[in-house]
Amino acid sequence: MTTARPALDPELRELLAGMPLMPQLGPEVLAQVRPFSSMPVEPLLEGRVIDRREVTVPGPDGERIPLSVFSPARAERSAGAPCVYWVHGGGMVMGDRFSQIDIPLEWLDEFGAVVVSVDYRLAPEATGTTLVDDCYRGLLWVAEHADDLGVDPARIVVAGASAGGGLAAGVTLLARDLGTPAIAAQVLIGPMLDHRNTSTSSRQYSGDPGVWTREMNEFGWRSVLGDRTDDEVSEYVSPALAEDLSGLPATYIDTGSAEVFRDEDTDYATRIWAAGGQAELHVWAGGFHGFDALYPQAHISATARRTRTDWLARLLTPNRAA
């Protein structure tokens, strides 16, 4: 029996109709799509008055982790700027530090934020906690070099989309448990939070080709976790496993009603509230996974992006009218 699904937003449905969708994701398909999983960053920098810096930091095993730092040009820069630490999406198996970078660059424009994007290692070449550990090491470097970056260490925001949203959540849990660095907020955009893949929304988006399906999700998680059993999986890799969601910074979560991660994302927000935390949750009716990154010109996408930015404005510049 076919599982009923929420209808797509009409504008998104029309746009998606012209997009080729993958029926499955496996090693051979991954090898084919990886080279196309990120767009060049240079076109996004045209017309922006931005300084760009490339650095590498040592990972937990000595491997070098690339970071890209985008700052307002020196003449436009103010001391004590907010920082957005960006973690890209791609199912933990593809993408790079320039994937979806247009999202945090909007916050550079809006708030004069310094954007630091991390190129964590990908599965299946890297497995277990390696990906989240890479992201955490990059975040530590940002906090340790806040003065040099012109960043206010009390206004570091960890943000990410899809797999990057899940890794951002894992990094935030890790920073809470280790006591450093301080994180002002986390912005989780359609985050990939739960390796168990058993929710109603996961079952709804199974079988047919899609932007991200249950089967693709299973491949991504299997690539990271291999044959680990549930009790061998770290909550920093699969944040939905965390029993304690207290003590987290202000959290923004958004997702679509027509996507595989809908239920794990809404559950994560609910559990933050149950622990006494502050979370803002938006479920965009008719939104599929990654809709606002793939089609930013759509009305629903523009609304979603503006709503996130308005939330950050209230958080980062509380005396400013959003």
# chains A, B, ... in the order shown; residues from 1 in each chain; ligands from 1
call {"tool": "residues_around", "arguments": {"residues": "region 10-14 of chain A", "least_positions_apart": "5", "cutoff": "10 Å", "atoms": "only C-alpha atoms", "output": "MDAnalysis selection string"}}
result
chainID A and resid 19 286:288 291:292 294:295 298:301
call {"tool": "write_last_selection", "arguments": {"atoms": "N, CA and C atoms", "output": "PDB file, in the first residue's frame"}}
result
ATOM      1  N   MET A  19      13.828  18.889 -12.642  1.00  0.00           N
ATOM      2  CA  MET A  19      15.105  18.489 -12.048  1.00  0.00           C
ATOM      3  C   MET A  19      15.270  16.975 -12.134  1.00  0.00           C
ATOM      4  N   GLY A 286       4.711  21.938   2.443  1.00  0.00           N
ATOM      5  CA  GLY A 286       5.002  21.659   1.043  1.00  0.00           C
ATOM      6  C   GLY A 286       6.464  21.724   0.682  1.00  0.00           C
ATOM      7  N   GLY A 287       7.330  21.946   1.670  1.00  0.00           N
ATOM      8  CA  GLY A 287       8.758  21.999   1.396  1.00  0.00           C
ATOM      9  C   GLY A 287       9.374  20.609   1.356  1.00  0.00           C
ATOM     10  N   PHE A 288      10.172  20.320   0.315  1.00  0.00           N
ATOM     11  CA  PHE A 288      10.922  19.064   0.261  1.00  0.00           C
ATOM     12  C   PHE A 288      12.326  19.330   0.807  1.00  0.00           C
ATOM     13  N   PHE A 291      14.821  22.474  -0.076  1.00  0.00           N
ATOM     14  CA  PHE A 291      14.107  23.309  -1.056  1.00  0.00           C
ATOM     15  C   PHE A 291      14.673  24.721  -1.146  1.00  0.00           C
ATOM     16  N   ASP A 292      15.042  25.303  -0.013  1.00  0.00           N
ATOM     17  CA  ASP A 292      15.453  26.709  -0.034  1.00  0.00           C
ATOM     18  C   ASP A 292      16.876  26.885  -0.539  1.00  0.00           C
ATOM     19  N   LEU A 294      18.096  24.688  -3.020  1.00  0.00           N
ATOM     20  CA  LEU A 294      18.003  24.368  -4.443  1.00  0.00           C
ATOM     21  C   LEU A 294      17.283  25.441  -5.241  1.00  0.00           C
ATOM     22  N   TYR A 295      16.236  26.014  -4.658  1.00  0.00           N
ATOM     23  CA  TYR A 295      15.418  27.001  -5.366  1.00  0.00           C
ATOM     24  C   TYR A 295      15.199  28.229  -4.481  1.00  0.00           C
ATOM     25  N   ALA A 298      12.176  30.720  -5.099  1.00  0.00           N
ATOM     26  CA  ALA A 298      10.772  30.390  -4.847  1.00  0.00           C
ATOM     27  C   ALA A 298      10.259  31.195  -3.654  1.00  0.00           C
ATOM     28  N   HIS A 299       8.984  31.509  -3.666  1.00  0.00           N
ATOM     29  CA  HIS A 299       8.419  32.345  -2.600  1.00  0.00           C
ATOM     30  C   HIS A 299       8.604  31.702  -1.228  1.00  0.00           C
ATOM     31  N   ILE A 300       8.310  30.409  -1.113  1.00  0.00           N
ATOM     32  CA  ILE A 300       8.444  29.737   0.170  1.00  0.00           C
ATOM     33  C   ILE A 300       9.907  29.721   0.625  1.00  0.00           C
ATOM     34  N   SER A 301      10.830  29.598  -0.320  1.00  0.00           N
ATOM     35  CA  SER A 301      12.255  29.583   0.013  1.00  0.00           C
ATOM     36  C   SER A 301      12.704  30.943   0.528  1.00  0.00           C
TER      37      SER A 301
END
call {"tool": "closest_atom_pairs", "arguments": {"of": "region 175-247 of chain A", "to": "region 138-148 of chain A", "cutoff": "12 Å", "atoms": "only C-alpha atoms", "output": "tab-separated table"}}
result
residue	atom	partner	partner_atom	distance
A:Ala175	CA	A:Leu140	CA	9.1
A:Leu178	CA	A:Leu140	CA	11.3
A:Gly179	CA	A:Leu140	CA	11.4
A:Thr180	CA	A:Leu140	CA	7.9
A:Pro181	CA	A:Ala143	CA	6.4
A:Ala182	CA	A:Ala143	CA	8.2
A:Ile183	CA	A:Ala143	CA	9.5
A:Ala184	CA	A:Ala143	CA	11.9
call {"tool": "residues_around", "arguments": {"residues": "Asp231 (chain A)", "least_positions_apart": "4", "cutoff": "12 Å", "atoms": "only C-alpha atoms", "output": "list in words"}}
result
His195, Arg196, Leu225, Asp227, Glu235, Ser238, Leu241 and Ala242 of chain A
call {"tool": "select_by_dssp", "arguments": {"residues": "region 47-288 of chain A", "states": "strand (DSSP E)", "output": "ChimeraX atom specification"}}
result
/A:50-58,64-72,81-87,114-118,151-161,185-189,250-256,279-284
call {"tool": "residues_around", "arguments": {"residues": "Val283 (chain A)", "least_positions_apart": "6", "cutoff": "7 Å", "atoms": "only C-alpha atoms", "output": "mmCIF file with all heavy atoms, in the first residue's frame"}}
result
data_model
loop_
_atom_site.group_PDB
_atom_site.id
_atom_site.type_symbol
_atom_site.label_atom_id
_atom_site.label_comp_id
_atom_site.auth_asym_id
_atom_site.auth_seq_id
_atom_site.Cartn_x
_atom_site.Cartn_y
_atom_site.Cartn_z
ATOM 1 N N ASP A 254 14.589 24.295 11.116
ATOM 2 C CA ASP A 254 13.512 24.272 10.145
ATOM 3 C C ASP A 254 13.630 23.067 9.240
ATOM 4 O O ASP A 254 14.683 22.450 9.084
ATOM 5 C CB ASP A 254 13.346 25.582 9.382
ATOM 6 C CG ASP A 254 14.517 25.981 8.514
ATOM 7 O OD1 ASP A 254 15.525 25.264 8.491
ATOM 8 O OD2 ASP A 254 14.408 27.030 7.855
ATOM 9 N N THR A 255 12.482 22.695 8.699
ATOM 10 C CA THR A 255 12.352 21.488 7.901
ATOM 11 C C THR A 255 11.137 21.670 6.997
ATOM 12 O O THR A 255 10.414 22.659 7.115
ATOM 13 C CB THR A 255 12.205 20.259 8.824
ATOM 14 O OG1 THR A 255 12.213 19.056 8.063
ATOM 15 C CG2 THR A 255 10.926 20.311 9.653
ATOM 16 N N GLY A 256 10.931 20.740 6.088
ATOM 17 C CA GLY A 256 9.749 20.780 5.236
ATOM 18 C C GLY A 256 8.741 19.738 5.673
ATOM 19 O O GLY A 256 9.101 18.711 6.249
ATOM 20 N N SER A 257 7.477 19.973 5.372
ATOM 21 C CA SER A 257 6.472 18.963 5.698
ATOM 22 C C SER A 257 6.587 17.754 4.783
ATOM 23 O O SER A 257 6.140 16.655 5.123
ATOM 24 C CB SER A 257 5.063 19.557 5.586
ATOM 25 O OG SER A 257 4.750 19.864 4.236
#
call {"tool": "closest_atom_pairs", "arguments": {"of": "region 135-240 of chain A", "to": "region 86-100 of chain A", "cutoff": "12 Å", "atoms": "only C-alpha atoms", "output": "JSON lines"}}
result
{"residue": "A:Cys135", "atom": "CA", "partner": "A:Val87", "partner_atom": "CA", "distance": 7.5}
{"residue": "A:Tyr136", "atom": "CA", "partner": "A:Val87", "partner_atom": "CA", "distance": 10.4}
{"residue": "A:Gly138", "atom": "CA", "partner": "A:Trp86", "partner_atom": "CA", "distance": 10.2}
{"residue": "A:Leu139", "atom": "CA", "partner": "A:Trp86", "partner_atom": "CA", "distance": 9.6}
{"residue": "A:Val142", "atom": "CA", "partner": "A:Trp86", "partner_atom": "CA", "distance": 11.4}
{"residue": "A:Ile156", "atom": "CA", "partner": "A:Trp86", "partner_atom": "CA", "distance": 10.6}
{"residue": "A:Val157", "atom": "CA", "partner": "A:Trp86", "partner_atom": "CA", "distance": 8.5}
{"residue": "A:Val158", "atom": "CA", "partner": "A:Trp86", "partner_atom": "CA", "distance": 6.3}
{"residue": "A:Ala159", "atom": "CA", "partner": "A:Trp86", "partner_atom": "CA", "distance": 5.1}
{"residue": "A:Gly160", "atom": "CA", "partner": "A:Val87", "partner_atom": "CA", "distance": 4.5}
{"residue": "A:Ala161", "atom": "CA", "partner": "A:Gly89", "partner_atom": "CA", "distance": 5.2}
{"residue": "A:Ser162", "atom": "CA", "partner": "A:Gly89", "partner_atom": "CA", "distance": 5.0}
{"residue": "A:Ala163", "atom": "CA", "partner": "A:Gly89", "partner_atom": "CA", "distance": 4.6}
{"residue": "A:Gly164", "atom": "CA", "partner": "A:Gly89", "partner_atom": "CA", "distance": 4.4}
{"residue": "A:Gly165", "atom": "CA", "partner": "A:Val87", "partner_atom": "CA", "distance": 7.0}
{"residue": "A:Gly166", "atom": "CA", "partner": "A:Gly89", "partner_atom": "CA", "distance": 8.9}
{"residue": "A:Leu167", "atom": "CA", "partner": "A:Val87", "partner_atom": "CA", "distance": 7.1}
{"residue": "A:Ala168", "atom": "CA", "partner": "A:Val87", "partner_atom": "CA", "distance": 6.4}
{"residue": "A:Ala169", "atom": "CA", "partner": "A:Val87", "partner_atom": "CA", "distance": 10.1}
{"residue": "A:Gly170", "atom": "CA", "partner": "A:Val87", "partner_atom": "CA", "distance": 11.1}
{"residue": "A:Val171", "atom": "CA", "partner": "A:Val87", "partner_atom": "CA", "distance": 9.9}
{"residue": "A:Thr172", "atom": "CA", "partner": "A:Val87", "partner_atom": "CA", "distance": 11.8}
{"residue": "A:Gln186", "atom": "CA", "partner": "A:Trp86", "partner_atom": "CA", "distance": 10.2}
{"residue": "A:Val187", "atom": "CA", "partner": "A:Trp86", "partner_atom": "CA", "distance": 9.5}
{"residue": "A:Leu188", "atom": "CA", "partner": "A:Val87", "partner_atom": "CA", "distance": 9.8}
{"residue": "A:Ile189", "atom": "CA", "partner": "A:Gly89", "partner_atom": "CA", "distance": 9.5}
{"residue": "A:Gly190", "atom": "CA", "partner": "A:Gly89", "partner_atom": "CA", "distance": 9.7}
{"residue": "A:Pro191", "atom": "CA", "partner": "A:Gly89", "partner_atom": "CA", "distance": 8.8}
{"residue": "A:Met192", "atom": "CA", "partner": "A:Gly91", "partner_atom": "CA", "distance": 7.8}
{"residue": "A:Leu193", "atom": "CA", "partner": "A:Gly91", "partner_atom": "CA", "distance": 10.9}
{"residue": "A:His195", "atom": "CA", "partner": "A:Gly91", "partner_atom": "CA", "distance": 11.3}
{"residue": "A:Val211", "atom": "CA", "partner": "A:Gly90", "partner_atom": "CA", "distance": 11.0}
{"residue": "A:Trp212", "atom": "CA", "partner": "A:Gly91", "partner_atom": "CA", "distance": 8.7}
{"residue": "A:Thr213", "atom": "CA", "partner": "A:Gly91", "partner_atom": "CA", "distance": 10.8}
{"residue": "A:Arg214", "atom": "CA", "partner": "A:Gly91", "partner_atom": "CA", "distance": 11.5}
{"residue": "A:Glu215", "atom": "CA", "partner": "A:Gly91", "partner_atom": "CA", "distance": 11.6}
{"residue": "A:Met216", "atom": "CA", "partner": "A:Gly91", "partner_atom": "CA", "distance": 8.2}
{"residue": "A:Asn217", "atom": "CA", "partner": "A:Gly91", "partner_atom": "CA", "distance": 7.1}
{"residue": "A:Glu218", "atom": "CA", "partner": "A:Gly91", "partner_atom": "CA", "distance": 9.7}
{"residue": "A:Phe219", "atom": "CA", "partner": "A:Gly91", "partner_atom": "CA", "distance": 8.7}
{"residue": "A:Gly220", "atom": "CA", "partner": "A:Gly91", "partner_atom": "CA", "distance": 5.4}
{"residue": "A:Trp221", "atom": "CA", "partner": "A:Met92", "partner_atom": "CA", "distance": 7.9}
{"residue": "A:Arg222", "atom": "CA", "partner": "A:Val93", "partner_atom": "CA", "distance": 10.3}
{"residue": "A:Ser223", "atom": "CA", "partner": "A:Val93", "partner_atom": "CA", "distance": 7.4}
{"residue": "A:Val224", "atom": "CA", "partner": "A:Met92", "partner_atom": "CA", "distance": 7.4}
{"residue": "A:Leu225", "atom": "CA", "partner": "A:Met92", "partner_atom": "CA", "distance": 10.8}
{"residue": "A:Val237", "atom": "CA", "partner": "A:Met92", "partner_atom": "CA", "distance": 10.5}
{"residue": "A:Ser238", "atom": "CA", "partner": "A:Met92", "partner_atom": "CA", "distance": 11.8}
call {"tool": "write_last_selection", "arguments": {"atoms": "N, CA and C atoms", "output": "CSV table (one decimal), in the first residue's frame"}}
result
chain,number,residue,atom,x,y,z
A,135,CYS,N,34.9,18.7,12.6
A,135,CYS,CA,34.2,19.9,12.8
A,135,CYS,C,34.5,20.6,14.1
A,136,TYR,N,34.6,19.8,15.2
A,136,TYR,CA,34.9,20.4,16.5
A,136,TYR,C,36.3,21.0,16.5
A,138,GLY,N,37.8,22.4,14.1
A,138,GLY,CA,37.7,23.7,13.4
A,138,GLY,C,37.1,24.7,14.3
A,139,LEU,N,36.1,24.4,15.0
A,139,LEU,CA,35.4,25.3,15.9
A,139,LEU,C,36.3,25.8,17.0
A,142,VAL,N,38.5,28.5,15.7
A,142,VAL,CA,37.8,29.7,15.6
A,142,VAL,C,37.8,30.4,17.0
A,156,ILE,N,29.4,33.4,18.7
A,156,ILE,CA,29.7,32.3,17.7
A,156,ILE,C,28.5,31.5,17.5
A,157,VAL,N,28.0,31.4,16.3
A,157,VAL,CA,26.8,30.6,15.9
A,157,VAL,C,27.3,29.4,15.1
A,158,VAL,N,26.9,28.2,15.4
A,158,VAL,CA,27.2,27.0,14.7
A,158,VAL,C,25.9,26.7,13.8
A,159,ALA,N,26.1,26.6,12.5
A,159,ALA,CA,25.0,26.4,11.6
A,159,ALA,C,25.4,25.4,10.5
A,160,GLY,N,24.3,24.7,10.0
A,160,GLY,CA,24.6,23.8,9.0
A,160,GLY,C,23.3,23.3,8.3
A,161,ALA,N,23.4,22.7,7.2
A,161,ALA,CA,22.2,22.2,6.4
A,161,ALA,C,22.3,20.7,6.2
A,162,SER,N,21.2,20.0,6.4
A,162,SER,CA,21.1,18.6,6.1
A,162,SER,C,22.1,17.8,6.9
A,163,ALA,N,23.1,17.1,6.3
A,163,ALA,CA,24.1,16.4,7.1
A,163,ALA,C,24.9,17.4,7.9
A,164,GLY,N,25.1,18.6,7.4
A,164,GLY,CA,25.8,19.7,8.1
A,164,GLY,C,25.0,20.1,9.3
A,165,GLY,N,23.7,20.1,9.2
A,165,GLY,CA,22.8,20.4,10.4
A,165,GLY,C,23.0,19.4,11.5
A,166,GLY,N,23.0,18.1,11.1
A,166,GLY,CA,23.3,17.0,12.1
A,166,GLY,C,24.6,17.1,12.7
A,167,LEU,N,25.7,17.4,11.9
A,167,LEU,CA,27.0,17.6,12.5
A,167,LEU,C,27.1,18.8,13.3
A,168,ALA,N,26.4,19.9,13.0
A,168,ALA,CA,26.3,21.1,13.8
A,168,ALA,C,25.7,20.8,15.2
A,169,ALA,N,24.6,20.0,15.1
A,169,ALA,CA,24.0,19.6,16.4
A,169,ALA,C,25.0,18.7,17.2
A,170,GLY,N,25.7,17.8,16.6
A,170,GLY,CA,26.7,17.0,17.3
A,170,GLY,C,27.8,17.8,17.9
A,171,VAL,N,28.3,18.8,17.1
A,171,VAL,CA,29.4,19.7,17.6
A,171,VAL,C,28.9,20.5,18.8
A,172,THR,N,27.6,20.9,18.8
A,172,THR,CA,27.1,21.7,19.9
A,172,THR,C,26.9,20.8,21.1
A,186,GLN,N,22.6,27.6,17.7
A,186,GLN,CA,22.8,26.7,16.6
A,186,GLN,C,21.6,26.8,15.7
A,187,VAL,N,21.9,26.8,14.4
A,187,VAL,CA,20.9,26.9,13.3
A,187,VAL,C,21.0,25.6,12.5
A,188,LEU,N,19.9,24.8,12.6
A,188,LEU,CA,19.9,23.5,12.0
A,188,LEU,C,18.9,23.5,10.9
A,189,ILE,N,19.3,23.4,9.7
A,189,ILE,CA,18.5,23.5,8.5
A,189,ILE,C,18.2,22.2,7.9
A,190,GLY,N,17.0,21.6,8.1
A,190,GLY,CA,16.7,20.3,7.6
A,190,GLY,C,17.7,19.3,8.1
A,191,PRO,N,18.0,19.3,9.4
A,191,PRO,CA,19.2,18.5,9.9
A,191,PRO,C,19.0,17.0,9.8
A,192,MET,N,20.0,16.2,9.6
A,192,MET,CA,20.1,14.8,9.5
A,192,MET,C,20.5,14.3,10.9
A,193,LEU,N,19.6,13.9,11.7
A,193,LEU,CA,19.8,13.7,13.2
A,193,LEU,C,19.8,12.3,13.7
A,195,HIS,N,20.2,8.2,12.9
A,195,HIS,CA,20.6,7.1,12.0
A,195,HIS,C,19.6,6.0,11.9
A,211,VAL,N,14.9,14.1,-4.0
A,211,VAL,CA,16.1,14.8,-3.6
A,211,VAL,C,16.9,14.1,-2.6
A,212,TRP,N,16.2,13.6,-1.5
A,212,TRP,CA,16.8,12.7,-0.5
A,212,TRP,C,15.8,11.8,0.0
A,213,THR,N,16.0,10.5,-0.2
A,213,THR,CA,15.0,9.5,0.2
A,213,THR,C,15.5,8.7,1.4
A,214,ARG,N,14.6,7.8,1.9
A,214,ARG,CA,15.0,6.9,2.9
A,214,ARG,C,16.1,6.0,2.5
A,215,GLU,N,16.2,5.5,1.3
A,215,GLU,CA,17.2,4.7,0.8
A,215,GLU,C,18.6,5.4,0.8
A,216,MET,N,18.5,6.6,0.3
A,216,MET,CA,19.7,7.5,0.2
A,216,MET,C,20.2,7.7,1.7
A,217,ASN,N,19.3,8.0,2.5
A,217,ASN,CA,19.6,8.2,3.9
A,217,ASN,C,20.3,7.0,4.6
A,218,GLU,N,19.8,5.8,4.3
A,218,GLU,CA,20.4,4.6,4.8
A,218,GLU,C,21.8,4.4,4.2
A,219,PHE,N,22.0,4.8,3.0
A,219,PHE,CA,23.4,4.7,2.4
A,219,PHE,C,24.3,5.6,3.1
A,220,GLY,N,23.9,6.9,3.3
A,220,GLY,CA,24.7,7.8,4.0
A,220,GLY,C,25.1,7.4,5.4
A,221,TRP,N,24.1,6.9,6.2
A,221,TRP,CA,24.4,6.5,7.5
A,221,TRP,C,25.3,5.2,7.5
A,222,ARG,N,25.0,4.3,6.6
A,222,ARG,CA,25.8,3.1,6.5
A,222,ARG,C,27.3,3.4,6.2
A,223,SER,N,27.5,4.4,5.3
A,223,SER,CA,28.8,4.8,5.0
A,223,SER,C,29.6,5.3,6.2
A,224,VAL,N,28.9,6.0,7.1
A,224,VAL,CA,29.6,6.6,8.3
A,224,VAL,C,29.7,5.5,9.3
A,225,LEU,N,28.7,4.7,9.5
A,225,LEU,CA,28.7,3.8,10.7
A,225,LEU,C,29.1,2.4,10.4
A,237,VAL,N,27.4,11.7,16.7
A,237,VAL,CA,27.3,11.4,15.3
A,237,VAL,C,25.8,11.4,15.0
A,238,SER,N,25.0,10.8,15.8
A,238,SER,CA,23.5,10.7,15.6
A,238,SER,C,22.9,11.4,16.8
call {"tool": "atom_distance", "arguments": {"atom1": "CA of Pro249 (chain A)", "atom2": "CA of Tyr236 (chain A)"}}
result
15.8 Å
call {"tool": "closest_residue", "arguments": {"among": "A:Ser234, A:Thr303, A:Thr229, A:Ser68", "to": "Thr129 (chain A)", "atoms": "only C-alpha atoms"}}
result
A:Ser234
call {"tool": "closest_residue", "arguments": {"among": "A:Ala279, A:Leu45, A:Leu245, A:Val114", "to": "Asp177 (chain A)", "atoms": "only C-alpha atoms"}}
result
A:Leu245
call {"tool": "closest_residue", "arguments": {"among": "A:Val116, A:Pro40, A:Phe70, A:Arg64", "to": "Tyr85 (chain A)", "atoms": "only C-alpha atoms"}}
result
A:Val116
call {"tool": "select_by_dssp", "arguments": {"residues": "region 118-196 of chain A", "states": "helix (DSSP H, G or I)", "output": "ChimeraX atom specification"}}
result
/A:130-144,146-149,163-178
call {"tool": "write_last_selection", "arguments": {"atoms": "N, CA and C atoms", "output": "compact mmCIF listing (two decimals), in the first residue's frame"}}
result
# COMPACT_ATOMS: atom_id res chain seq x y z
N THR A 130 34.89 10.62 13.21
CA THR A 130 35.89 11.44 12.53
C THR A 130 35.30 12.74 12.00
N LEU A 131 34.11 12.67 11.38
CA LEU A 131 33.52 13.86 10.76
C LEU A 131 33.20 14.92 11.81
N VAL A 132 32.55 14.51 12.90
CA VAL A 132 32.18 15.49 13.93
C VAL A 132 33.42 15.98 14.67
N ASP A 133 34.42 15.11 14.84
CA ASP A 133 35.67 15.54 15.48
C ASP A 133 36.38 16.58 14.63
N ASP A 134 36.38 16.39 13.31
CA ASP A 134 36.97 17.39 12.41
C ASP A 134 36.27 18.74 12.59
N CYS A 135 34.94 18.70 12.63
CA CYS A 135 34.18 19.94 12.77
C CYS A 135 34.47 20.60 14.11
N TYR A 136 34.60 19.81 15.16
CA TYR A 136 34.88 20.36 16.48
C TYR A 136 36.26 21.00 16.53
N ARG A 137 37.25 20.37 15.91
CA ARG A 137 38.60 20.96 15.89
C ARG A 137 38.60 22.31 15.18
N GLY A 138 37.84 22.40 14.09
CA GLY A 138 37.74 23.67 13.39
C GLY A 138 37.10 24.75 14.25
N LEU A 139 36.06 24.35 15.00
CA LEU A 139 35.39 25.30 15.89
C LEU A 139 36.32 25.77 17.00
N LEU A 140 37.11 24.87 17.56
CA LEU A 140 38.08 25.26 18.58
C LEU A 140 39.06 26.29 18.02
N TRP A 141 39.50 26.08 16.78
CA TRP A 141 40.44 27.02 16.18
C TRP A 141 39.79 28.41 16.08
N VAL A 142 38.53 28.46 15.70
CA VAL A 142 37.84 29.74 15.59
C VAL A 142 37.82 30.44 16.95
N ALA A 143 37.44 29.70 18.00
CA ALA A 143 37.38 30.31 19.33
C ALA A 143 38.75 30.77 19.81
N GLU A 144 39.78 29.97 19.53
CA GLU A 144 41.13 30.31 19.97
C GLU A 144 41.70 31.50 19.20
N ALA A 146 39.78 34.07 17.96
CA ALA A 146 38.72 35.06 17.85
C ALA A 146 39.27 36.47 17.70
N ASP A 147 40.28 36.82 18.47
CA ASP A 147 40.84 38.18 18.37
C ASP A 147 41.40 38.44 16.98
N ASP A 148 42.16 37.47 16.48
CA ASP A 148 42.76 37.63 15.16
C ASP A 148 41.71 37.74 14.06
N LEU A 149 40.61 37.04 14.25
CA LEU A 149 39.52 37.05 13.26
C LEU A 149 38.61 38.26 13.42
N ALA A 163 23.07 17.10 6.31
CA ALA A 163 24.10 16.42 7.11
C ALA A 163 24.88 17.42 7.93
N GLY A 164 25.10 18.62 7.37
CA GLY A 164 25.79 19.66 8.12
C GLY A 164 25.00 20.12 9.33
N GLY A 165 23.67 20.09 9.23
CA GLY A 165 22.84 20.41 10.38
C GLY A 165 22.98 19.37 11.47
N GLY A 166 23.04 18.08 11.08
CA GLY A 166 23.26 17.03 12.06
C GLY A 166 24.62 17.15 12.72
N LEU A 167 25.66 17.43 11.91
CA LEU A 167 27.00 17.59 12.47
C LEU A 167 27.07 18.83 13.35
N ALA A 168 26.37 19.91 12.96
CA ALA A 168 26.32 21.10 13.81
C ALA A 168 25.69 20.77 15.16
N ALA A 169 24.63 19.98 15.15
CA ALA A 169 24.00 19.56 16.41
C ALA A 169 24.96 18.72 17.24
N GLY A 170 25.69 17.82 16.56
CA GLY A 170 26.66 16.99 17.28
C GLY A 170 27.79 17.80 17.88
N VAL A 171 28.30 18.77 17.12
CA VAL A 171 29.36 19.65 17.62
C VAL A 171 28.87 20.45 18.82
N THR A 172 27.63 20.92 18.77
CA THR A 172 27.08 21.70 19.87
C THR A 172 26.95 20.85 21.13
N LEU A 173 26.51 19.60 20.98
CA LEU A 173 26.47 18.69 22.12
C LEU A 173 27.87 18.45 22.68
N LEU A 174 28.83 18.26 21.79
CA LEU A 174 30.21 17.99 22.21
C LEU A 174 30.78 19.20 22.95
N ALA A 175 30.55 20.40 22.43
CA ALA A 175 31.05 21.61 23.09
C ALA A 175 30.40 21.78 24.47
N ARG A 176 29.11 21.47 24.57
CA ARG A 176 28.44 21.54 25.87
C ARG A 176 29.08 20.58 26.86
N ASP A 177 29.31 19.34 26.43
CA ASP A 177 29.82 18.32 27.34
C ASP A 177 31.27 18.55 27.73
N LEU A 178 32.06 19.12 26.82
CA LEU A 178 33.47 19.39 27.11
C LEU A 178 33.68 20.76 27.75
call {"tool": "decode", "arguments": {"residues": "region 99-108 of chain A", "atoms": "N, CA, C and O atoms", "output": "mmCIF file, in the first residue's frame"}}
result
data_model
loop_
_atom_site.group_PDB
_atom_site.id
_atom_site.type_symbol
_atom_site.label_atom_id
_atom_site.label_comp_id
_atom_site.auth_asym_id
_atom_site.auth_seq_id
_atom_site.Cartn_x
_atom_site.Cartn_y
_atom_site.Cartn_z
ATOM 1 N N SER A 99 29.717 24.205 -0.279
ATOM 2 C CA SER A 99 28.336 23.768 -0.502
ATOM 3 C C SER A 99 27.388 24.604 0.361
ATOM 4 O O SER A 99 27.613 24.781 1.551
ATOM 5 N N GLN A 100 26.351 25.117 -0.248
ATOM 6 C CA GLN A 100 25.320 25.946 0.398
ATOM 7 C C GLN A 100 25.896 27.190 1.076
ATOM 8 O O GLN A 100 25.267 27.795 1.953
ATOM 9 N N ILE A 101 27.118 27.612 0.670
ATOM 10 C CA ILE A 101 27.776 28.737 1.340
ATOM 11 C C ILE A 101 27.029 30.047 1.107
ATOM 12 O O ILE A 101 27.223 31.031 1.840
ATOM 13 N N ASP A 102 26.137 30.081 0.095
ATOM 14 C CA ASP A 102 25.347 31.295 -0.112
ATOM 15 C C ASP A 102 24.483 31.629 1.095
ATOM 16 O O ASP A 102 24.175 32.803 1.336
ATOM 17 N N ILE A 103 24.106 30.612 1.877
ATOM 18 C CA ILE A 103 23.244 30.862 3.047
ATOM 19 C C ILE A 103 23.988 31.687 4.100
ATOM 20 O O ILE A 103 23.519 32.768 4.487
ATOM 21 N N PRO A 104 25.139 31.245 4.599
ATOM 22 C CA PRO A 104 25.823 32.090 5.594
ATOM 23 C C PRO A 104 26.396 33.375 5.012
ATOM 24 O O PRO A 104 26.550 34.363 5.753
ATOM 25 N N LEU A 105 26.703 33.413 3.721
ATOM 26 C CA LEU A 105 27.188 34.667 3.147
ATOM 27 C C LEU A 105 26.116 35.761 3.211
ATOM 28 O O LEU A 105 26.438 36.956 3.296
ATOM 29 N N GLU A 106 24.851 35.368 3.195
ATOM 30 C CA GLU A 106 23.786 36.355 3.390
ATOM 31 C C GLU A 106 23.894 36.983 4.779
ATOM 32 O O GLU A 106 23.582 38.161 4.967
ATOM 33 N N TRP A 107 24.349 36.194 5.766
ATOM 34 C CA TRP A 107 24.488 36.719 7.127
ATOM 35 C C TRP A 107 25.736 37.579 7.258
ATOM 36 O O TRP A 107 25.769 38.484 8.086
ATOM 37 N N LEU A 108 26.736 37.329 6.428
ATOM 38 C CA LEU A 108 27.871 38.246 6.362
ATOM 39 C C LEU A 108 27.384 39.611 5.861
ATOM 40 O O LEU A 108 27.723 40.660 6.428
#
